Amino acid sequence: MTAQTAYEWGVVAEVVRDGKALARARELAGLYLKAPEVTRRNTRAHFIQPLKERIVREVGHGLSLEGASAADLVKAMQAKAQPIAEKGKVA
Amino acid sequence: MKATQPDYFTTYRSLKLSRDAQGVLVVEFHTKGGPLTFTAQDHTDFVDAFYRIAQDRENKIVILTGTGGEFIPGIDFATFGNVADPEVWSQVHDEGVQILENLANIRVPVIAAIEGHVNVHSEYALLPRRSRKSGGVSAKPAAGDGSDSL
């Protein structure tokens, strides 16, 4: 997907011109540093909390599904490598 | 600010860490100074790297970014071994959980500055509170929901 689509989906907060992402990140860092440290830390802790909870609940399931898919892929690759005569039923 | 940099800054082969006097830590994902090709060793390293970054209170802001106009464009699957083997996948599974939990446990603002391709492990770019992406390049759909609500 393009950066623009990612932005429209709410996946990224901002789109900048090619090559400008790090400079913009540094600019934002400077902005955030104007707040006191405890405020900065606790703002981050607050906003990440819902996502942290979802990670703990859901990532294990996702990785289990991914593992099954990985095994299925390996199985498919091995089946492809077998001689054709061994596969299928004989009429 | 300490005169010498912490040991963990140079521990991880695929991460270049640098920090300025204000405590802004920049973490650059790379393979030998170019765009990162992700390996099993990286998967193991990142568990520890994100934990150490979170533990060090001298890091006041964390910026994640790639190298050479890309974030993580490629992966070397062969380095993971036989992923159909439950013992092999068990390590991938455990590390995967730990990497994401450790990233989420960084307790200072994290900003992802993303250029180019996010084909591999896009969730590392999306857990930061704000992600900034440069325009007009391709990425796979996100693994998780966006965390930037401001």
# chains A, B, ... in the order shown; residues from 1 in each chain; ligands from 1
>>> interface_residues(of="chain A", to="chain B", cutoff="9 Å", atoms="only C-alpha atoms", output="VMD selection string")
chain A and resid 1 to 4 6 to 7 9 to 26 28 to 30 32 to 33 37 40 to 45 47 to 52 55 to 56 59 to 60 63 to 64 66 to 75
>>> atom_distance(atom1="CA of Leu36 (chain B)", atom2="CA of Lys16 (chain B)")
11.4 Å
>>> select_by_dssp(residues="region 4-149 of chain B", states="alpha helix (DSSP H)", output="PDB file with all heavy atoms, in the first residue's frame")
ATOM      1  N   ALA B  40      17.211 -14.373  11.347  1.00  0.00           N
ATOM      2  CA  ALA B  40      16.855 -14.986  12.633  1.00  0.00           C
ATOM      3  C   ALA B  40      17.663 -14.375  13.772  1.00  0.00           C
ATOM      4  O   ALA B  40      17.155 -14.211  14.890  1.00  0.00           O
ATOM      5  CB  ALA B  40      17.073 -16.493  12.563  1.00  0.00           C
ATOM      6  N   GLN B  41      18.907 -14.014  13.512  1.00  0.00           N
ATOM      7  CA  GLN B  41      19.728 -13.391  14.549  1.00  0.00           C
ATOM      8  C   GLN B  41      19.126 -12.052  14.988  1.00  0.00           C
ATOM      9  O   GLN B  41      19.112 -11.721  16.174  1.00  0.00           O
ATOM     10  CB  GLN B  41      21.159 -13.180  14.050  1.00  0.00           C
ATOM     11  CG  GLN B  41      22.099 -12.600  15.096  1.00  0.00           C
ATOM     12  CD  GLN B  41      22.272 -13.497  16.307  1.00  0.00           C
ATOM     13  OE1 GLN B  41      22.514 -14.693  16.196  1.00  0.00           O
ATOM     14  NE2 GLN B  41      22.101 -12.940  17.505  1.00  0.00           N
ATOM     15  N   ASP B  42      18.621 -11.305  14.026  1.00  0.00           N
ATOM     16  CA  ASP B  42      17.966 -10.029  14.351  1.00  0.00           C
ATOM     17  C   ASP B  42      16.750 -10.260  15.239  1.00  0.00           C
ATOM     18  O   ASP B  42      16.497  -9.516  16.181  1.00  0.00           O
ATOM     19  CB  ASP B  42      17.516  -9.307  13.069  1.00  0.00           C
ATOM     20  CG  ASP B  42      18.687  -8.938  12.188  1.00  0.00           C
ATOM     21  OD1 ASP B  42      19.783  -8.665  12.723  1.00  0.00           O
ATOM     22  OD2 ASP B  42      18.520  -8.926  10.947  1.00  0.00           O
ATOM     23  N   HIS B  43      15.995 -11.299  14.905  1.00  0.00           N
ATOM     24  CA  HIS B  43      14.788 -11.613  15.683  1.00  0.00           C
ATOM     25  C   HIS B  43      15.166 -11.863  17.144  1.00  0.00           C
ATOM     26  O   HIS B  43      14.466 -11.431  18.063  1.00  0.00           O
ATOM     27  CB  HIS B  43      14.108 -12.841  15.074  1.00  0.00           C
ATOM     28  CG  HIS B  43      12.657 -12.945  15.356  1.00  0.00           C
ATOM     29  ND1 HIS B  43      12.134 -13.922  16.171  1.00  0.00           N
ATOM     30  CD2 HIS B  43      11.604 -12.187  14.951  1.00  0.00           C
ATOM     31  CE1 HIS B  43      10.807 -13.776  16.239  1.00  0.00           C
ATOM     32  NE2 HIS B  43      10.471 -12.730  15.506  1.00  0.00           N
ATOM     33  N   THR B  44      16.273 -12.551  17.352  1.00  0.00           N
ATOM     34  CA  THR B  44      16.756 -12.807  18.715  1.00  0.00           C
ATOM     35  C   THR B  44      17.295 -11.526  19.353  1.00  0.00           C
ATOM     36  O   THR B  44      17.001 -11.208  20.507  1.00  0.00           O
ATOM     37  CB  THR B  44      17.860 -13.883  18.693  1.00  0.00           C
ATOM     38  OG1 THR B  44      17.340 -15.074  18.097  1.00  0.00           O
ATOM     39  CG2 THR B  44      18.359 -14.193  20.098  1.00  0.00           C
ATOM     40  N   ASP B  45      18.071 -10.759  18.584  1.00  0.00           N
ATOM     41  CA  ASP B  45      18.685  -9.535  19.113  1.00  0.00           C
ATOM     42  C   ASP B  45      17.651  -8.497  19.548  1.00  0.00           C
ATOM     43  O   ASP B  45      17.846  -7.780  20.544  1.00  0.00           O
ATOM     44  CB  ASP B  45      19.565  -8.867  18.044  1.00  0.00           C
ATOM     45  CG  ASP B  45      20.898  -9.576  17.855  1.00  0.00           C
ATOM     46  OD1 ASP B  45      21.219 -10.501  18.627  1.00  0.00           O
ATOM     47  OD2 ASP B  45      21.621  -9.185  16.916  1.00  0.00           O
ATOM     48  N   PHE B  46      16.568  -8.383  18.783  1.00  0.00           N
ATOM     49  CA  PHE B  46      15.641  -7.272  19.026  1.00  0.00           C
ATOM     50  C   PHE B  46      14.894  -7.435  20.354  1.00  0.00           C
ATOM     51  O   PHE B  46      14.459  -6.444  20.940  1.00  0.00           O
ATOM     52  CB  PHE B  46      14.649  -7.121  17.870  1.00  0.00           C
ATOM     53  CG  PHE B  46      15.259  -6.617  16.587  1.00  0.00           C
ATOM     54  CD1 PHE B  46      14.492  -6.495  15.439  1.00  0.00           C
ATOM     55  CD2 PHE B  46      16.613  -6.283  16.517  1.00  0.00           C
ATOM     56  CE1 PHE B  46      15.058  -6.035  14.253  1.00  0.00           C
ATOM     57  CE2 PHE B  46      17.181  -5.825  15.319  1.00  0.00           C
ATOM     58  CZ  PHE B  46      16.399  -5.695  14.185  1.00  0.00           C
ATOM     59  N   VAL B  47      14.740  -8.671  20.830  1.00  0.00           N
ATOM     60  CA  VAL B  47      14.132  -8.878  22.151  1.00  0.00           C
ATOM     61  C   VAL B  47      14.929  -8.080  23.178  1.00  0.00           C
ATOM     62  O   VAL B  47      14.389  -7.281  23.948  1.00  0.00           O
ATOM     63  CB  VAL B  47      14.143 -10.375  22.543  1.00  0.00           C
ATOM     64  CG1 VAL B  47      13.647 -10.552  23.980  1.00  0.00           C
ATOM     65  CG2 VAL B  47      13.315 -11.203  21.583  1.00  0.00           C
ATOM     66  N   ASP B  48      16.228  -8.285  23.155  1.00  0.00           N
ATOM     67  CA  ASP B  48      17.125  -7.647  24.118  1.00  0.00           C
ATOM     68  C   ASP B  48      17.267  -6.161  23.842  1.00  0.00           C
ATOM     69  O   ASP B  48      17.264  -5.336  24.761  1.00  0.00           O
ATOM     70  CB  ASP B  48      18.495  -8.334  24.036  1.00  0.00           C
ATOM     71  CG  ASP B  48      19.374  -7.981  25.207  1.00  0.00           C
ATOM     72  OD1 ASP B  48      18.909  -8.097  26.356  1.00  0.00           O
ATOM     73  OD2 ASP B  48      20.529  -7.582  24.982  1.00  0.00           O
ATOM     74  N   ALA B  49      17.398  -5.792  22.572  1.00  0.00           N
ATOM     75  CA  ALA B  49      17.635  -4.390  22.213  1.00  0.00           C
ATOM     76  C   ALA B  49      16.505  -3.494  22.714  1.00  0.00           C
ATOM     77  O   ALA B  49      16.753  -2.456  23.336  1.00  0.00           O
ATOM     78  CB  ALA B  49      17.781  -4.254  20.698  1.00  0.00           C
ATOM     79  N   PHE B  50      15.253  -3.897  22.465  1.00  0.00           N
ATOM     80  CA  PHE B  50      14.142  -3.039  22.880  1.00  0.00           C
ATOM     81  C   PHE B  50      14.032  -3.011  24.404  1.00  0.00           C
ATOM     82  O   PHE B  50      13.650  -2.002  24.988  1.00  0.00           O
ATOM     83  CB  PHE B  50      12.826  -3.494  22.244  1.00  0.00           C
ATOM     84  CG  PHE B  50      12.797  -3.346  20.740  1.00  0.00           C
ATOM     85  CD1 PHE B  50      12.128  -4.255  19.946  1.00  0.00           C
ATOM     86  CD2 PHE B  50      13.455  -2.282  20.120  1.00  0.00           C
ATOM     87  CE1 PHE B  50      12.111  -4.121  18.559  1.00  0.00           C
ATOM     88  CE2 PHE B  50      13.452  -2.150  18.735  1.00  0.00           C
ATOM     89  CZ  PHE B  50      12.772  -3.075  17.954  1.00  0.00           C
ATOM     90  N   TYR B  51      14.390  -4.108  25.057  1.00  0.00           N
ATOM     91  CA  TYR B  51      14.385  -4.128  26.506  1.00  0.00           C
ATOM     92  C   TYR B  51      15.432  -3.155  27.060  1.00  0.00           C
ATOM     93  O   TYR B  51      15.158  -2.361  27.965  1.00  0.00           O
ATOM     94  CB  TYR B  51      14.656  -5.540  27.027  1.00  0.00           C
ATOM     95  CG  TYR B  51      14.633  -5.610  28.534  1.00  0.00           C
ATOM     96  CD1 TYR B  51      13.418  -5.671  29.216  1.00  0.00           C
ATOM     97  CD2 TYR B  51      15.810  -5.553  29.279  1.00  0.00           C
ATOM     98  CE1 TYR B  51      13.384  -5.691  30.604  1.00  0.00           C
ATOM     99  CE2 TYR B  51      15.781  -5.576  30.658  1.00  0.00           C
ATOM    100  CZ  TYR B  51      14.567  -5.649  31.313  1.00  0.00           C
ATOM    101  OH  TYR B  51      14.530  -5.661  32.677  1.00  0.00           O
ATOM    102  N   ARG B  52      16.655  -3.192  26.524  1.00  0.00           N
ATOM    103  CA  ARG B  52      17.727  -2.310  27.013  1.00  0.00           C
ATOM    104  C   ARG B  52      17.400  -0.849  26.745  1.00  0.00           C
ATOM    105  O   ARG B  52      17.676   0.026  27.569  1.00  0.00           O
ATOM    106  CB  ARG B  52      19.056  -2.671  26.329  1.00  0.00           C
ATOM    107  CG  ARG B  52      19.565  -4.090  26.618  1.00  0.00           C
ATOM    108  CD  ARG B  52      19.798  -4.364  28.089  1.00  0.00           C
ATOM    109  NE  ARG B  52      20.629  -3.372  28.745  1.00  0.00           N
ATOM    110  CZ  ARG B  52      21.958  -3.353  28.748  1.00  0.00           C
ATOM    111  NH1 ARG B  52      22.639  -4.303  28.130  1.00  0.00           N
ATOM    112  NH2 ARG B  52      22.603  -2.402  29.366  1.00  0.00           N
ATOM    113  N   ILE B  53      16.808  -0.589  25.575  1.00  0.00           N
ATOM    114  CA  ILE B  53      16.434   0.789  25.242  1.00  0.00           C
ATOM    115  C   ILE B  53      15.394   1.294  26.234  1.00  0.00           C
ATOM    116  O   ILE B  53      15.463   2.438  26.707  1.00  0.00           O
ATOM    117  CB  ILE B  53      15.902   0.856  23.791  1.00  0.00           C
ATOM    118  CG1 ILE B  53      17.069   0.686  22.794  1.00  0.00           C
ATOM    119  CG2 ILE B  53      15.173   2.174  23.530  1.00  0.00           C
ATOM    120  CD1 ILE B  53      16.637   0.435  21.364  1.00  0.00           C
ATOM    121  N   ALA B  54      14.444   0.428  26.577  1.00  0.00           N
ATOM    122  CA  ALA B  54      13.395   0.817  27.517  1.00  0.00           C
ATOM    123  C   ALA B  54      13.940   1.005  28.923  1.00  0.00           C
ATOM    124  O   ALA B  54      13.445   1.830  29.693  1.00  0.00           O
ATOM    125  CB  ALA B  54      12.299  -0.252  27.530  1.00  0.00           C
ATOM    126  N   GLN B  55      14.964   0.262  29.272  1.00  0.00           N
ATOM    127  CA  GLN B  55      15.499   0.267  30.626  1.00  0.00           C
ATOM    128  C   GLN B  55      16.345   1.521  30.894  1.00  0.00           C
ATOM    129  O   GLN B  55      16.449   1.987  32.027  1.00  0.00           O
ATOM    130  CB  GLN B  55      16.359  -0.983  30.787  1.00  0.00           C
ATOM    131  CG  GLN B  55      16.858  -1.255  32.176  1.00  0.00           C
ATOM    132  CD  GLN B  55      17.786  -2.465  32.173  1.00  0.00           C
ATOM    133  OE1 GLN B  55      18.562  -2.669  31.245  1.00  0.00           O
ATOM    134  NE2 GLN B  55      17.702  -3.276  33.201  1.00  0.00           N
ATOM    135  N   PRO B  86       8.247 -27.843  15.130  1.00  0.00           N
ATOM    136  CA  PRO B  86       7.680 -27.132  16.282  1.00  0.00           C
ATOM    137  C   PRO B  86       8.733 -26.543  17.201  1.00  0.00           C
ATOM    138  O   PRO B  86       8.509 -25.488  17.801  1.00  0.00           O
ATOM    139  CB  PRO B  86       6.867 -28.215  17.004  1.00  0.00           C
ATOM    140  CG  PRO B  86       6.533 -29.202  15.946  1.00  0.00           C
ATOM    141  CD  PRO B  86       7.693 -29.204  14.995  1.00  0.00           C
ATOM    142  N   GLU B  87       9.874 -27.187  17.311  1.00  0.00           N
ATOM    143  CA  GLU B  87      10.919 -26.631  18.176  1.00  0.00           C
ATOM    144  C   GLU B  87      11.502 -25.352  17.576  1.00  0.00           C
ATOM    145  O   GLU B  87      11.840 -24.416  18.305  1.00  0.00           O
ATOM    146  CB  GLU B  87      12.038 -27.660  18.401  1.00  0.00           C
ATOM    147  CG  GLU B  87      11.604 -28.762  19.371  1.00  0.00           C
ATOM    148  CD  GLU B  87      12.709 -29.772  19.647  1.00  0.00           C
ATOM    149  OE1 GLU B  87      13.806 -29.629  19.103  1.00  0.00           O
ATOM    150  OE2 GLU B  87      12.435 -30.714  20.410  1.00  0.00           O
ATOM    151  N   VAL B  88      11.608 -25.324  16.259  1.00  0.00           N
ATOM    152  CA  VAL B  88      12.088 -24.111  15.588  1.00  0.00           C
ATOM    153  C   VAL B  88      11.059 -22.997  15.741  1.00  0.00           C
ATOM    154  O   VAL B  88      11.379 -21.866  16.109  1.00  0.00           O
ATOM    155  CB  VAL B  88      12.369 -24.396  14.091  1.00  0.00           C
ATOM    156  CG1 VAL B  88      12.656 -23.108  13.333  1.00  0.00           C
ATOM    157  CG2 VAL B  88      13.530 -25.377  13.951  1.00  0.00           C
ATOM    158  N   TRP B  89       9.799 -23.326  15.497  1.00  0.00           N
ATOM    159  CA  TRP B  89       8.775 -22.281  15.567  1.00  0.00           C
ATOM    160  C   TRP B  89       8.585 -21.787  17.008  1.00  0.00           C
ATOM    161  O   TRP B  89       8.253 -20.623  17.231  1.00  0.00           O
ATOM    162  CB  TRP B  89       7.432 -22.752  14.988  1.00  0.00           C
ATOM    163  CG  TRP B  89       6.529 -21.557  14.863  1.00  0.00           C
ATOM    164  CD1 TRP B  89       5.505 -21.207  15.681  1.00  0.00           C
ATOM    165  CD2 TRP B  89       6.651 -20.505  13.896  1.00  0.00           C
ATOM    166  NE1 TRP B  89       4.966 -19.997  15.283  1.00  0.00           N
ATOM    167  CE2 TRP B  89       5.647 -19.546  14.192  1.00  0.00           C
ATOM    168  CE3 TRP B  89       7.495 -20.274  12.801  1.00  0.00           C
ATOM    169  CZ2 TRP B  89       5.471 -18.376  13.438  1.00  0.00           C
ATOM    170  CZ3 TRP B  89       7.323 -19.115  12.067  1.00  0.00           C
ATOM    171  CH2 TRP B  89       6.318 -18.189  12.373  1.00  0.00           C
ATOM    172  N   SER B  90       8.810 -22.652  17.970  1.00  0.00           N
ATOM    173  CA  SER B  90       8.649 -22.245  19.368  1.00  0.00           C
ATOM    174  C   SER B  90       9.529 -21.028  19.679  1.00  0.00           C
ATOM    175  O   SER B  90       9.098 -20.095  20.357  1.00  0.00           O
ATOM    176  CB  SER B  90       9.020 -23.413  20.293  1.00  0.00           C
ATOM    177  OG  SER B  90       8.959 -23.007  21.653  1.00  0.00           O
ATOM    178  N   GLN B  91      10.746 -21.026  19.152  1.00  0.00           N
ATOM    179  CA  GLN B  91      11.638 -19.888  19.404  1.00  0.00           C
ATOM    180  C   GLN B  91      11.113 -18.641  18.700  1.00  0.00           C
ATOM    181  O   GLN B  91      11.128 -17.539  19.262  1.00  0.00           O
ATOM    182  CB  GLN B  91      13.062 -20.192  18.942  1.00  0.00           C
ATOM    183  CG  GLN B  91      14.018 -19.027  19.194  1.00  0.00           C
ATOM    184  CD  GLN B  91      15.469 -19.362  18.945  1.00  0.00           C
ATOM    185  OE1 GLN B  91      15.826 -20.512  18.713  1.00  0.00           O
ATOM    186  NE2 GLN B  91      16.313 -18.352  18.991  1.00  0.00           N
ATOM    187  N   VAL B  92      10.656 -18.801  17.466  1.00  0.00           N
ATOM    188  CA  VAL B  92      10.111 -17.667  16.729  1.00  0.00           C
ATOM    189  C   VAL B  92       8.899 -17.095  17.464  1.00  0.00           C
ATOM    190  O   VAL B  92       8.760 -15.884  17.622  1.00  0.00           O
ATOM    191  CB  VAL B  92       9.711 -18.083  15.292  1.00  0.00           C
ATOM    192  CG1 VAL B  92       9.031 -16.926  14.570  1.00  0.00           C
ATOM    193  CG2 VAL B  92      10.931 -18.549  14.512  1.00  0.00           C
ATOM    194  N   HIS B  93       8.056 -17.977  17.933  1.00  0.00           N
ATOM    195  CA  HIS B  93       6.847 -17.563  18.645  1.00  0.00           C
ATOM    196  C   HIS B  93       7.210 -16.806  19.926  1.00  0.00           C
ATOM    197  O   HIS B  93       6.717 -15.690  20.168  1.00  0.00           O
ATOM    198  CB  HIS B  93       6.016 -18.810  18.962  1.00  0.00           C
ATOM    199  CG  HIS B  93       4.681 -18.525  19.566  1.00  0.00           C
ATOM    200  ND1 HIS B  93       3.513 -19.099  19.120  1.00  0.00           N
ATOM    201  CD2 HIS B  93       4.309 -17.731  20.597  1.00  0.00           C
ATOM    202  CE1 HIS B  93       2.490 -18.672  19.837  1.00  0.00           C
ATOM    203  NE2 HIS B  93       2.946 -17.849  20.751  1.00  0.00           N
ATOM    204  N   ASP B  94       8.065 -17.399  20.729  1.00  0.00           N
ATOM    205  CA  ASP B  94       8.433 -16.771  22.008  1.00  0.00           C
ATOM    206  C   ASP B  94       9.080 -15.403  21.783  1.00  0.00           C
ATOM    207  O   ASP B  94       8.747 -14.416  22.441  1.00  0.00           O
ATOM    208  CB  ASP B  94       9.384 -17.667  22.798  1.00  0.00           C
ATOM    209  CG  ASP B  94       8.710 -18.941  23.295  1.00  0.00           C
ATOM    210  OD1 ASP B  94       7.471 -19.016  23.264  1.00  0.00           O
ATOM    211  OD2 ASP B  94       9.441 -19.864  23.718  1.00  0.00           O
ATOM    212  N   GLU B  95      10.034 -15.360  20.858  1.00  0.00           N
ATOM    213  CA  GLU B  95      10.720 -14.085  20.588  1.00  0.00           C
ATOM    214  C   GLU B  95       9.747 -13.049  20.037  1.00  0.00           C
ATOM    215  O   GLU B  95       9.821 -11.875  20.381  1.00  0.00           O
ATOM    216  CB  GLU B  95      11.865 -14.299  19.599  1.00  0.00           C
ATOM    217  CG  GLU B  95      13.051 -15.045  20.197  1.00  0.00           C
ATOM    218  CD  GLU B  95      14.110 -15.387  19.157  1.00  0.00           C
ATOM    219  OE1 GLU B  95      13.868 -15.146  17.940  1.00  0.00           O
ATOM    220  OE2 GLU B  95      15.171 -15.908  19.541  1.00  0.00           O
ATOM    221  N   GLY B  96       8.826 -13.497  19.193  1.00  0.00           N
ATOM    222  CA  GLY B  96       7.862 -12.572  18.604  1.00  0.00           C
ATOM    223  C   GLY B  96       7.027 -11.888  19.674  1.00  0.00           C
ATOM    224  O   GLY B  96       6.794 -10.674  19.634  1.00  0.00           O
ATOM    225  N   VAL B  97       6.589 -12.676  20.642  1.00  0.00           N
ATOM    226  CA  VAL B  97       5.825 -12.107  21.755  1.00  0.00           C
ATOM    227  C   VAL B  97       6.698 -11.125  22.535  1.00  0.00           C
ATOM    228  O   VAL B  97       6.286 -10.009  22.851  1.00  0.00           O
ATOM    229  CB  VAL B  97       5.336 -13.235  22.692  1.00  0.00           C
ATOM    230  CG1 VAL B  97       4.776 -12.658  23.985  1.00  0.00           C
ATOM    231  CG2 VAL B  97       4.279 -14.090  22.001  1.00  0.00           C
ATOM    232  N   GLN B  98       7.925 -11.534  22.828  1.00  0.00           N
ATOM    233  CA  GLN B  98       8.808 -10.707  23.654  1.00  0.00           C
ATOM    234  C   GLN B  98       9.202  -9.415  22.960  1.00  0.00           C
ATOM    235  O   GLN B  98       9.272  -8.350  23.584  1.00  0.00           O
ATOM    236  CB  GLN B  98      10.052 -11.513  24.044  1.00  0.00           C
ATOM    237  CG  GLN B  98       9.735 -12.619  25.042  1.00  0.00           C
ATOM    238  CD  GLN B  98      10.865 -13.632  25.191  1.00  0.00           C
ATOM    239  OE1 GLN B  98      11.696 -13.785  24.301  1.00  0.00           O
ATOM    240  NE2 GLN B  98      10.880 -14.325  26.309  1.00  0.00           N
ATOM    241  N   ILE B  99       9.479  -9.470  21.661  1.00  0.00           N
ATOM    242  CA  ILE B  99       9.852  -8.255  20.920  1.00  0.00           C
ATOM    243  C   ILE B  99       8.736  -7.226  21.013  1.00  0.00           C
ATOM    244  O   ILE B  99       8.969  -6.059  21.340  1.00  0.00           O
ATOM    245  CB  ILE B  99      10.147  -8.564  19.438  1.00  0.00           C
ATOM    246  CG1 ILE B  99      11.465  -9.330  19.295  1.00  0.00           C
ATOM    247  CG2 ILE B  99      10.198  -7.290  18.606  1.00  0.00           C
ATOM    248  CD1 ILE B  99      11.684  -9.904  17.906  1.00  0.00           C
ATOM    249  N   LEU B 100       7.520  -7.652  20.731  1.00  0.00           N
ATOM    250  CA  LEU B 100       6.419  -6.691  20.705  1.00  0.00           C
ATOM    251  C   LEU B 100       6.104  -6.165  22.104  1.00  0.00           C
ATOM    252  O   LEU B 100       5.829  -4.979  22.280  1.00  0.00           O
ATOM    253  CB  LEU B 100       5.179  -7.318  20.076  1.00  0.00           C
ATOM    254  CG  LEU B 100       5.310  -7.616  18.587  1.00  0.00           C
ATOM    255  CD1 LEU B 100       3.986  -8.111  18.028  1.00  0.00           C
ATOM    256  CD2 LEU B 100       5.754  -6.375  17.821  1.00  0.00           C
ATOM    257  N   GLU B 101       6.149  -7.030  23.093  1.00  0.00           N
ATOM    258  CA  GLU B 101       5.876  -6.562  24.454  1.00  0.00           C
ATOM    259  C   GLU B 101       6.973  -5.602  24.910  1.00  0.00           C
ATOM    260  O   GLU B 101       6.693  -4.598  25.576  1.00  0.00           O
ATOM    261  CB  GLU B 101       5.724  -7.754  25.406  1.00  0.00           C
ATOM    262  CG  GLU B 101       4.447  -8.559  25.111  1.00  0.00           C
ATOM    263  CD  GLU B 101       4.118  -9.607  26.170  1.00  0.00           C
ATOM    264  OE1 GLU B 101       4.755  -9.609  27.233  1.00  0.00           O
ATOM    265  OE2 GLU B 101       3.201 -10.408  25.911  1.00  0.00           O
ATOM    266  N   ASN B 102       8.221  -5.899  24.564  1.00  0.00           N
ATOM    267  CA  ASN B 102       9.312  -5.011  24.962  1.00  0.00           C
ATOM    268  C   ASN B 102       9.241  -3.661  24.255  1.00  0.00           C
ATOM    269  O   ASN B 102       9.544  -2.620  24.841  1.00  0.00           O
ATOM    270  CB  ASN B 102      10.669  -5.685  24.740  1.00  0.00           C
ATOM    271  CG  ASN B 102      10.930  -6.797  25.746  1.00  0.00           C
ATOM    272  OD1 ASN B 102      10.176  -6.947  26.714  1.00  0.00           O
ATOM    273  ND2 ASN B 102      11.970  -7.566  25.516  1.00  0.00           N
ATOM    274  N   LEU B 103       8.833  -3.668  22.993  1.00  0.00           N
ATOM    275  CA  LEU B 103       8.625  -2.406  22.264  1.00  0.00           C
ATOM    276  C   LEU B 103       7.527  -1.597  22.943  1.00  0.00           C
ATOM    277  O   LEU B 103       7.672  -0.397  23.180  1.00  0.00           O
ATOM    278  CB  LEU B 103       8.182  -2.705  20.830  1.00  0.00           C
ATOM    279  CG  LEU B 103       9.104  -2.355  19.671  1.00  0.00           C
ATOM    280  CD1 LEU B 103       8.399  -2.634  18.353  1.00  0.00           C
ATOM    281  CD2 LEU B 103       9.547  -0.893  19.707  1.00  0.00           C
ATOM    282  N   ALA B 104       6.434  -2.267  23.262  1.00  0.00           N
ATOM    283  CA  ALA B 104       5.311  -1.573  23.898  1.00  0.00           C
ATOM    284  C   ALA B 104       5.684  -1.082  25.289  1.00  0.00           C
ATOM    285  O   ALA B 104       5.080  -0.139  25.806  1.00  0.00           O
ATOM    286  CB  ALA B 104       4.096  -2.492  23.977  1.00  0.00           C
ATOM    287  N   GLU B 123       4.935  -4.109  12.107  1.00  0.00           N
ATOM    288  CA  GLU B 123       4.455  -3.763  13.455  1.00  0.00           C
ATOM    289  C   GLU B 123       5.501  -2.985  14.237  1.00  0.00           C
ATOM    290  O   GLU B 123       5.165  -2.221  15.135  1.00  0.00           O
ATOM    291  CB  GLU B 123       4.006  -5.016  14.228  1.00  0.00           C
ATOM    292  CG  GLU B 123       5.121  -5.954  14.647  1.00  0.00           C
ATOM    293  CD  GLU B 123       5.515  -6.952  13.562  1.00  0.00           C
ATOM    294  OE1 GLU B 123       5.204  -6.704  12.382  1.00  0.00           O
ATOM    295  OE2 GLU B 123       6.159  -7.954  13.909  1.00  0.00           O
ATOM    296  N   TYR B 124       6.807  -3.137  13.919  1.00  0.00           N
ATOM    297  CA  TYR B 124       7.839  -2.372  14.619  1.00  0.00           C
ATOM    298  C   TYR B 124       7.667  -0.888  14.308  1.00  0.00           C
ATOM    299  O   TYR B 124       7.988  -0.033  15.121  1.00  0.00           O
ATOM    300  CB  TYR B 124       9.252  -2.784  14.218  1.00  0.00           C
ATOM    301  CG  TYR B 124       9.601  -4.227  14.478  1.00  0.00           C
ATOM    302  CD1 TYR B 124      10.752  -4.760  13.932  1.00  0.00           C
ATOM    303  CD2 TYR B 124       8.811  -5.060  15.243  1.00  0.00           C
ATOM    304  CE1 TYR B 124      11.107  -6.080  14.142  1.00  0.00           C
ATOM    305  CE2 TYR B 124       9.144  -6.378  15.453  1.00  0.00           C
ATOM    306  CZ  TYR B 124      10.296  -6.884  14.900  1.00  0.00           C
ATOM    307  OH  TYR B 124      10.639  -8.192  15.103  1.00  0.00           O
ATOM    308  N   ALA B 125       7.163  -0.597  13.114  1.00  0.00           N
ATOM    309  CA  ALA B 125       6.960   0.794  12.701  1.00  0.00           C
ATOM    310  C   ALA B 125       5.642   1.342  13.213  1.00  0.00           C
ATOM    311  O   ALA B 125       5.466   2.553  13.266  1.00  0.00           O
ATOM    312  CB  ALA B 125       7.008   0.898  11.181  1.00  0.00           C
ATOM    313  N   LEU B 126       4.726   0.469  13.591  1.00  0.00           N
ATOM    314  CA  LEU B 126       3.380   0.925  13.908  1.00  0.00           C
ATOM    315  C   LEU B 126       3.099   0.989  15.390  1.00  0.00           C
ATOM    316  O   LEU B 126       2.143   1.609  15.812  1.00  0.00           O
ATOM    317  CB  LEU B 126       2.363   0.006  13.224  1.00  0.00           C
ATOM    318  CG  LEU B 126       2.509   0.043  11.703  1.00  0.00           C
ATOM    319  CD1 LEU B 126       1.677  -1.027  11.064  1.00  0.00           C
ATOM    320  CD2 LEU B 126       2.134   1.412  11.162  1.00  0.00           C
TER     321      LEU B 126
END
>>> atom_distance(atom1="CA of Ala21 (chain B)", atom2="CA of Arg57 (chain B)")
13.4 Å
>>> atom_distance(atom1="CA of Thr39 (chain B)", atom2="CA of Val27 (chain B)")
17.4 Å
>>> closest_residue(among="B:Thr79, B:Thr67, B:Asn59, B:Gln5", to="Glu28 (chain B)", atoms="only C-alpha atoms")
B:Thr67
